[in-house]
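Student: I'd like to ask some things about the structure below.
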Amino acid sequence: MGKIDINTLNFQSIRFYENGSEVSSRFDIENDKSIRYVQSAESELSLSLYSLIASLIIYKAQGKIASSKALEYYRQYFLSIRGDDSLSPLLSNEKNKALNAISAFFEGREKVLLANFLAYFFPLVLVKVSTNNGAIDKKIFQSLNKKKEVIFNQASLYIRSLYHGLLASDVKPDLFKLDNQHLDKPYFIYDHTYFIPTDRDAFNEKAFKHVIEDAMDDCSLSLKDCNSIAVLYLLRAYVAAISL
């Protein structure tokens, strides 16, 4: 499946799920308005943290071989993060701490909590989100740094939504396909379904279309074997699935 014409989808066939069980439609049928979404730096940072941690969980569930490969994916991702020259020693130290925590988590050498990973990943992703044309935007950097606790809470909520929306059901880890080259993107494939986690409150048809369209433009995964799309609402732990 490549890029598709959203207007060809049968939106009457959407099925909503909560905690793995089908529920009635969650769409607001009285309101079909939607404006084009512009992602904020805060949302980008929260989703990036969520994506990095969610991928860790899935890689570990896939076993030792997948985990070993994943450690190198994270190493390459961290190497891609570059800030001002003055930050190089600090960034190098933060990258090493994050990689050591990932290795310990994969190998089961010590208990690494969600809060630990949020703390390890935050300074690295903060630099990436705040960097524009090779230089850190100090205004964005300082603003996001002040919102750290809010961002941590958002990312933690998103992880819980992933559990309640999908992982708590009888899933098979080997059926997950992640974007190894873009670990901070939230998209993944499970079995033959393309999952689009979103922090948008997109509960009408137009907003739902926009979520899918934007994800299609942003996704680097091969979707040729997918036969359905599922939007995972990270703010409410609902899943809305539609066949192709």
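The way I read the labels, and the way they are meant: chains A, B, ... in the order of the structure tokens, residue 1 as the first residue of every chain, and ligand 1 as the first ligand shown, with later ones counted on from there.
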Would you please extract all alpha helix (DSSP H) residues from region 118-243 of chain A, as assigned by DSSP on the backbone, and give them as JSON, numbers by chain?
Tutor: {"A": [118, 119, 120, 121, 122, 123, 124, 125, 126, 127, 128, 129, 130, 138, 139, 140, 141, 142, 143, 144, 145, 146, 148, 149, 150, 151, 152, 153, 154, 155, 156, 157, 158, 159, 160, 161, 162, 205, 206, 207, 208, 209, 210, 211, 212, 213, 214, 215, 216, 217, 218]}
Student: Would you pick out the contacts of Ile81 (chain A) at 10 Å or less, using only C-alpha atoms, so that residues sharing its chain but fewer than 2 positions from it are not included, and give the list as a JSON list (two decimals) with all heavy atoms, in the first residue's frame?
Tutor:
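Wrote out_10.json, looks like this:
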[["chain", "number", "residue", "atom", "x", "y", "z"],
["A", 76, "GLN", "N", 22.67, 4.95, 16.56],
["A", 76, "GLN", "CA", 22.68, 5.78, 15.35],
["A", 76, "GLN", "C", 21.74, 6.98, 15.50],
["A", 76, "GLN", "O", 22.05, 8.08, 15.03],
["A", 76, "GLN", "CB", 22.27, 4.94, 14.13],
["A", 76, "GLN", "CG", 23.28, 3.87, 13.74],
["A", 76, "GLN", "CD", 24.66, 4.45, 13.46],
["A", 76, "GLN", "OE1", 24.80, 5.48, 12.80],
["A", 76, "GLN", "NE2", 25.69, 3.78, 13.97],
["A", 77, "TYR", "N", 20.62, 6.76, 16.14],
["A", 77, "TYR", "CA", 19.69, 7.87, 16.35],
["A", 77, "TYR", "C", 20.34, 8.95, 17.22],
["A", 77, "TYR", "O", 20.28, 10.15, 16.90],
["A", 77, "TYR", "CB", 18.41, 7.36, 17.03],
["A", 77, "TYR", "CG", 17.50, 8.49, 17.48],
["A", 77, "TYR", "CD1", 16.71, 9.17, 16.57],
["A", 77, "TYR", "CD2", 17.45, 8.87, 18.83],
["A", 77, "TYR", "CE1", 15.89, 10.23, 16.99],
["A", 77, "TYR", "CE2", 16.65, 9.91, 19.25],
["A", 77, "TYR", "CZ", 15.87, 10.58, 18.32],
["A", 77, "TYR", "OH", 15.07, 11.63, 18.73],
["A", 78, "PHE", "N", 20.99, 8.54, 18.29],
["A", 78, "PHE", "CA", 21.63, 9.51, 19.17],
["A", 78, "PHE", "C", 22.78, 10.23, 18.46],
["A", 78, "PHE", "O", 23.00, 11.43, 18.67],
["A", 78, "PHE", "CB", 22.15, 8.83, 20.44],
["A", 78, "PHE", "CG", 21.07, 8.30, 21.33],
["A", 78, "PHE", "CD1", 21.26, 7.14, 22.08],
["A", 78, "PHE", "CD2", 19.85, 8.94, 21.44],
["A", 78, "PHE", "CE1", 20.26, 6.65, 22.90],
["A", 78, "PHE", "CE2", 18.84, 8.44, 22.25],
["A", 78, "PHE", "CZ", 19.05, 7.29, 22.99],
["A", 79, "LEU", "N", 23.50, 9.51, 17.60],
["A", 79, "LEU", "CA", 24.60, 10.14, 16.86],
["A", 79, "LEU", "C", 24.08, 11.24, 15.92],
["A", 79, "LEU", "O", 24.81, 12.19, 15.60],
["A", 79, "LEU", "CB", 25.36, 9.09, 16.04],
["A", 79, "LEU", "CG", 26.30, 8.18, 16.83],
["A", 79, "LEU", "CD1", 26.88, 7.10, 15.90],
["A", 79, "LEU", "CD2", 27.44, 8.98, 17.46],
["A", 83, "GLY", "N", 24.05, 19.49, 18.56],
["A", 83, "GLY", "CA", 23.73, 20.85, 18.96],
["A", 83, "GLY", "C", 24.91, 21.77, 18.69],
["A", 83, "GLY", "O", 25.78, 21.48, 17.86],
["A", 88, "SER", "N", 28.77, 19.71, 22.86],
["A", 88, "SER", "CA", 29.25, 18.39, 22.45],
["A", 88, "SER", "C", 29.65, 17.50, 23.61],
["A", 88, "SER", "O", 29.23, 16.33, 23.68],
["A", 88, "SER", "CB", 30.42, 18.54, 21.46],
["A", 88, "SER", "OG", 29.96, 19.10, 20.25],
["A", 91, "LEU", "N", 26.46, 16.48, 25.48],
["A", 91, "LEU", "CA", 25.65, 15.57, 24.67],
["A", 91, "LEU", "C", 26.26, 14.18, 24.64],
["A", 91, "LEU", "O", 25.55, 13.17, 24.73],
["A", 91, "LEU", "CB", 25.51, 16.10, 23.24],
["A", 91, "LEU", "CG", 24.40, 17.12, 22.98],
["A", 91, "LEU", "CD1", 24.45, 17.59, 21.53],
["A", 91, "LEU", "CD2", 23.04, 16.53, 23.29],
["A", 92, "SER", "N", 27.57, 14.11, 24.51],
["A", 92, "SER", "CA", 28.25, 12.81, 24.48],
["A", 92, "SER", "C", 28.00, 12.04, 25.77],
["A", 92, "SER", "O", 27.73, 10.83, 25.75],
["A", 92, "SER", "CB", 29.75, 13.01, 24.26],
["A", 92, "SER", "OG", 30.43, 11.78, 24.26],
["A", 95, "LYS", "N", 24.33, 10.84, 25.84],
["A", 95, "LYS", "CA", 24.12, 9.72, 24.91],
["A", 95, "LYS", "C", 24.64, 8.42, 25.53],
["A", 95, "LYS", "O", 23.98, 7.37, 25.43],
["A", 95, "LYS", "CB", 24.83, 10.00, 23.59],
["A", 95, "LYS", "CG", 24.21, 11.11, 22.77],
["A", 95, "LYS", "CD", 25.05, 11.46, 21.54],
["A", 95, "LYS", "CE", 24.47, 12.63, 20.79],
["A", 95, "LYS", "NZ", 25.27, 13.01, 19.60],
["A", 124, "LEU", "N", 18.37, 14.86, 25.24],
["A", 124, "LEU", "CA", 18.76, 14.59, 23.86],
["A", 124, "LEU", "C", 17.68, 15.04, 22.88],
["A", 124, "LEU", "O", 17.97, 15.72, 21.89],
["A", 124, "LEU", "CB", 19.07, 13.10, 23.69],
["A", 124, "LEU", "CG", 20.22, 12.57, 24.55],
["A", 124, "LEU", "CD1", 20.29, 11.05, 24.46],
["A", 124, "LEU", "CD2", 21.53, 13.19, 24.12],
["A", 125, "VAL", "N", 16.44, 14.65, 23.16],
["A", 125, "VAL", "CA", 15.35, 15.03, 22.27],
["A", 125, "VAL", "C", 15.09, 16.53, 22.35],
["A", 125, "VAL", "O", 14.72, 17.16, 21.36],
["A", 125, "VAL", "CB", 14.07, 14.23, 22.59],
["A", 125, "VAL", "CG1", 12.96, 14.57, 21.62],
["A", 125, "VAL", "CG2", 14.34, 12.73, 22.55],
["A", 126, "LEU", "N", 15.31, 17.11, 23.52],
["A", 126, "LEU", "CA", 15.17, 18.56, 23.68],
["A", 126, "LEU", "C", 16.11, 19.30, 22.73],
["A", 126, "LEU", "O", 15.71, 20.27, 22.07],
["A", 126, "LEU", "CB", 15.47, 18.95, 25.13],
["A", 126, "LEU", "CG", 15.52, 20.46, 25.45],
["A", 126, "LEU", "CD1", 14.17, 21.11, 25.17],
["A", 126, "LEU", "CD2", 15.93, 20.67, 26.90],
["A", 127, "VAL", "N", 17.34, 18.84, 22.65],
["A", 127, "VAL", "CA", 18.30, 19.46, 21.74],
["A", 127, "VAL", "C", 17.85, 19.28, 20.29],
["A", 127, "VAL", "O", 17.89, 20.24, 19.49],
["A", 127, "VAL", "CB", 19.70, 18.86, 21.94],
["A", 127, "VAL", "CG1", 20.64, 19.28, 20.81],
["A", 127, "VAL", "CG2", 20.28, 19.29, 23.28],
["A", 128, "LYS", "N", 17.39, 18.09, 19.94],
["A", 128, "LYS", "CA", 16.97, 17.84, 18.56],
["A", 128, "LYS", "C", 15.79, 18.72, 18.17],
["A", 128, "LYS", "O", 15.80, 19.34, 17.08],
["A", 128, "LYS", "CB", 16.60, 16.37, 18.37],
["A", 128, "LYS", "CG", 16.21, 16.06, 16.93],
["A", 128, "LYS", "CD", 16.01, 14.59, 16.67],
["A", 128, "LYS", "CE", 15.71, 14.36, 15.19],
["A", 128, "LYS", "NZ", 15.52, 12.94, 14.87],
["A", 129, "VAL", "N", 14.79, 18.81, 19.03],
["A", 129, "VAL", "CA", 13.60, 19.60, 18.71],
["A", 129, "VAL", "C", 13.91, 21.09, 18.68],
["A", 129, "VAL", "O", 13.30, 21.85, 17.92],
["A", 129, "VAL", "CB", 12.48, 19.30, 19.73],
["A", 129, "VAL", "CG1", 11.29, 20.23, 19.55],
["A", 129, "VAL", "CG2", 12.02, 17.85, 19.60],
["A", 131, "THR", "N", 16.80, 22.48, 17.78],
["A", 131, "THR", "CA", 17.84, 22.83, 16.82],
["A", 131, "THR", "C", 17.24, 23.15, 15.46],
["A", 131, "THR", "O", 16.43, 22.40, 14.93],
["A", 131, "THR", "CB", 18.87, 21.69, 16.68],
["A", 131, "THR", "OG1", 19.47, 21.46, 17.96],
["A", 131, "THR", "CG2", 19.94, 22.05, 15.68]]
Student: With a distance cut-off of 8 Å and only C-alpha atoms, select the neighbouring residues of Tyr120 (chain A), excluding the residue or stretch itself and same-chain residues fewer than 2 positions from it, and output the selection as a ChimeraX atom specification.
Tutor: /A:94,97-98,116-118,122-124
Student: Using Å and a single decimal, report how far CA of Ala241 (chain A) sits from CA of Ser40 (chain A).
Tutor: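 Those two atoms sit 26.0 Å apart.
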Student: If I take CA of Tyr194 (chain A) and CA of Leu166 (chain A), how far is one from the other in Å, to one decimal?
Tutor: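 Separation between CA of Tyr194 (chain A) and CA of Leu166 (chain A): 12.8 Å.
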Student: Would you return as an NGL selection string the members of region 71-146 of chain A that DSSP assigns to strand (DSSP E) on this structure's backbone?
Tutor: :A and (131-132 or 135-136)
Student: Return the single residue from A:Leu234, A:Ala202, A:Leu175, A:Ile6 that is closest to Asp32 (chain A), with distances computed using only C-alpha atoms.
Tutor: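 Counting only C-alpha atoms, the residue closest to Asp32 (chain A) is A:Ala202.
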Student: Which polymer residues have any atom within 8 Å of an atom of Tyr17 (chain A), counting only C-alpha atoms, with same-chain residues fewer than 3 positions away left out, as a PyMOL selection string?
Tutor: chain A and resi 20-23+165+238-240
Student: From the list A:Asp28, A:Glu18, A:Asn180, A:Ser13, which residue is nearest Lys206 (chain A) when using only C-alpha atoms?
Tutor: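 Closest to Lys206 (chain A) of all the choices is A:Asp28.
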Student: Would you pick out the contacts of Tyr233 (chain A) at 7 Å or less, using only C-alpha atoms, so that residues sharing its chain but fewer than 3 positions from it are not included, and give the list as a ChimeraX atom specification?
Tutor: /A:197-199,236-239
Student: Just to be explicit: take each residue in the selection above, keep N, CA, C and O atoms, and write the result as a short mmCIF file (atom, residue, chain, number, x, y, z; two decimals), in the first residue's frame.
Tutor:
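Printed below is selection-v5.cif as written:
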data_model
loop_
_atom_site.label_atom_id
_atom_site.label_comp_id
_atom_site.auth_asym_id
_atom_site.auth_seq_id
_atom_site.Cartn_x
_atom_site.Cartn_y
_atom_site.Cartn_z
N PRO A 197 -0.51 6.39 16.03
CA PRO A 197 -0.78 7.01 17.34
C PRO A 197 -0.84 8.53 17.18
O PRO A 197 -0.01 9.13 16.47
N THR A 198 -1.81 9.16 17.81
CA THR A 198 -1.96 10.61 17.68
C THR A 198 -2.37 11.22 19.02
O THR A 198 -3.09 10.60 19.79
N ASP A 199 -1.90 12.44 19.25
CA ASP A 199 -2.32 13.18 20.43
C ASP A 199 -3.40 14.20 20.09
O ASP A 199 -3.74 15.05 20.89
N ARG A 236 -6.92 9.16 25.01
CA ARG A 236 -8.09 8.46 25.55
C ARG A 236 -8.00 6.94 25.45
O ARG A 236 -8.93 6.24 25.84
N ALA A 237 -6.94 6.43 24.87
CA ALA A 237 -6.73 4.98 24.76
C ALA A 237 -7.80 4.28 23.92
O ALA A 237 -8.14 3.13 24.18
N TYR A 238 -8.33 4.98 22.93
CA TYR A 238 -9.24 4.37 21.97
C TYR A 238 -8.48 4.03 20.70
O TYR A 238 -7.48 4.67 20.36
N VAL A 239 -8.97 3.04 19.97
CA VAL A 239 -8.46 2.71 18.66
C VAL A 239 -9.62 2.77 17.67
O VAL A 239 -10.70 2.23 17.95
#
Student: Pick from A:Arg82, A:Arg75, A:Lys224, A:Arg36: nearest to Asn132 (chain A), with only C-alpha atoms counted?
Tutor: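 Result for the nearest residue to Asn132 (chain A): A:Arg82.
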Student: Counting only C-alpha atoms, which residue out of A:Asp225, A:Ala66, A:Cys219, A:Phe27 sits closest to Asp184 (chain A)?
Tutor: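 Counting only C-alpha atoms, the residue closest to Asp184 (chain A) is A:Cys219.
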Student: Env of Leu157 (chain A): 10 Å cut, atoms = only C-alpha atoms, seq-sep filter 5 positions within chain, self excluded. Answer as a VMD selection string.
Tutor: chain A and resid 46 50 151 to 152 162 to 163 234 to 237
Student: With distances taken over only C-alpha atoms, which of A:Ser43, A:Asn7, A:Ser80, A:Ser103 is nearest to Ser67 (chain A)?
Tutor: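 Residue with the minimum atom-to-atom distance to Ser67 (chain A): A:Ser103.
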